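Here the structure comes first, spelled out in structure tokens, and everything after it is commentary.
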Amino acid sequence: MACWIVNETTPILVLLSWLAMNVYLFVDTFCWYEEDESFLYTRVILGSALAWARASAACLNFNCMLILLPVSRNLLSFVRGTSTCCRGPWRRQLDKTLKFHKLVAYAIGVHATIHTVAHLFNLERYRWSQSEDAEGLVSALAQLGNAPNETYLNPVRTFHTVPATMLLTTIAGITGLVISLALILIMTSSTEFIRRSYYELFWYAHHAFVVFFIGLALHGAGRIIRGQSPESLLLHNATFCRNHYTEWNATTRCPVPQFSGKEPSAWKWVLGPVVLYACERIIRLWRFQQEVVITKVISHPSAVLELHMKKRDFKMAPGQYIFIQCPAISSLEWHPFTLTSAPQEDFFSVHIRAAGDWTGALVKAFGTDGPPLKELCSLPRLAVDGPFGASLTDVFHYSVSVCVAAGIGVTPFASLLKSMWYECHEPRTPPGLSKVYFYWICREARAFEWFADLLVSLETQMSEQGKAHFLSYHIFLTGWDENQAIHIALHWDRSTDAITGLRQKTFYGRPNWSKEFRQIAYNHPSSNIGVFFCGPKALSKILQKMCCLYSSADPRGVHFYYNEASF
């Protein structure tokens, strides 16, 4: 219960608000089409399938309005930087935008399925109403439009019309087919397996969203769903005249009803977000054109590439990330990387590990896995978009912060630790922050090497400034061979660690998180503690569980707030 109150209240409220809006739109639209007089004759032919189709369409419009907002990085960074409207738990929700994007996408898939199936039923009902078996009011309504001065209600004019003809010869049919194919392509290529194994396929297929939104805006232009026109309703009372359909036009009380298509509304829902996203892409294009100067290229063990860069008017904060594009590798792909430099430095840097096709190609392009490095001026051009805010920028907003990194997930914290190193030269520590716990879990001993110099410098500087208590770091090595074990044993009595060169000795194995959190909670009673993590999902779930377990139900007790780096 304490975990739910402390860490989950706002996410649940956001989720419930979104669900409530979907339910409201569905129910309200469903009831309206089931009861509205202008669609009484339409319901005679189609039945409840009309309401199912229109209710799901309303929810589709709502979710299509939302789907682009979570991926508008510049908009989110602007909101994150506006402290007056984005504070505390609401600020943490910005780190879950990708999860919300996926949730909205699932909703679009569900409502699109309902909408499509309902319209397949509608199409069949339209066709059946033209058959010889149709009689009474249904037949009379289906025949409207054959005589002069009549408008049609049924878009299917003959019983022998093939459904495929409607799909391929009408605006609604063609756009509906295009929308469905685009949505299927986007969703099937967005599975975790495709994203991890064939990222390029995911990237290119996802851009079918352009086709999807164009089709969505045009889909209603065909006005297939028709209802009685407002002018006709004034002259023809459908509730009364439906029982006197044989007397239509024979009496002034029941003239022949006139029908018109429903005005398309999808474009009204998505116009605003599409314009915002178009501005987003314009900003990205402008940033793509800006020159990025590569000042240094360093090769580290474990296939890690370090790039130092400069860019005009580039301003960053600790914990932020950027997107990098290398036109020589791909003219469309942008990949996110956290900044490992500090704001006080006159350059910005990233550490990139060769873990896939694109990163492997980048390492190869910069010559770090083959011949000696080329001249900097002859290296491939890079484009940089950002920086963008992330959850790690909130480290300084807590009195106590716990930073946990696994493997290459340490890169976001490099910027934070460097910033702390520079802060040691100042007469004060960052306002509000009194203690930082840093945990790094890594499999290979060589992976520590590129980061060890920073930790040694930080340890030395803080000790000289009398601030050794400010940072407590714990490094865990989870993999080693027999030779390493012998080397460690022979140098165990040295004042510095045999692997990192730090005074704090490296731990071997995995942390006992229950013990660690219990000790932190004991050391800082009645404190708000921020837990920041970058690494695999399995460990993320463990840390979330620990935050729940050791957060007090008492508002005056200790509370852990979980923040995960995601981009």
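We label chains A, B, ... in the order they appear in the structure tokens, count residues from 1 in each chain, and number ligands from 1 in the order shown.
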| query | Could you pull out the strand (DSSP E) residues of range 278-373 of chain A from DSSP and send them as number ranges by chain? | reply | A: 292-300, 304-311, 321-325, 335-338, 348-353
| task | One decimal, Å: what's the distance from CA of Val558 in chain A over to CA of Glu516 in chain A, could you say? | result |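 Pair CA of Val558 in chain A / CA of Glu516 in chain A returns 14.4 Å.
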| message | Excluding range 204-209 of chain A and its own-chain neighbours fewer than 3 positions away, which residues fall within 7 Å of it when counting only C-alpha atoms? Please give them as a VMD selection string. | response | chain A and resid 182 185 to 186 189 200 to 201 212 to 213
| task | Just the residues within 12 Å of Ser514 in chain A, please, counting only C-alpha atoms, with nothing from its chain fewer than 3 positions along; format it as a ChimeraX atom specification. | result | /A:510-511,517-521,542-550
| Which of A:Pro343, A:Leu69, A:Lys296, A:Leu382 sits closest to Cys326 in chain A [using only C-alpha atoms] |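 That would be A:Leu382, the residue with the smallest distance to Cys326 in chain A.
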| Top pick for closest residue to Leu137 in chain A, considering A:Tyr439, A:Tyr41, A:Tyr277, A:Phe62 and counting only C-alpha atoms |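 Closest to Leu137 in chain A of all the choices is A:Tyr41.
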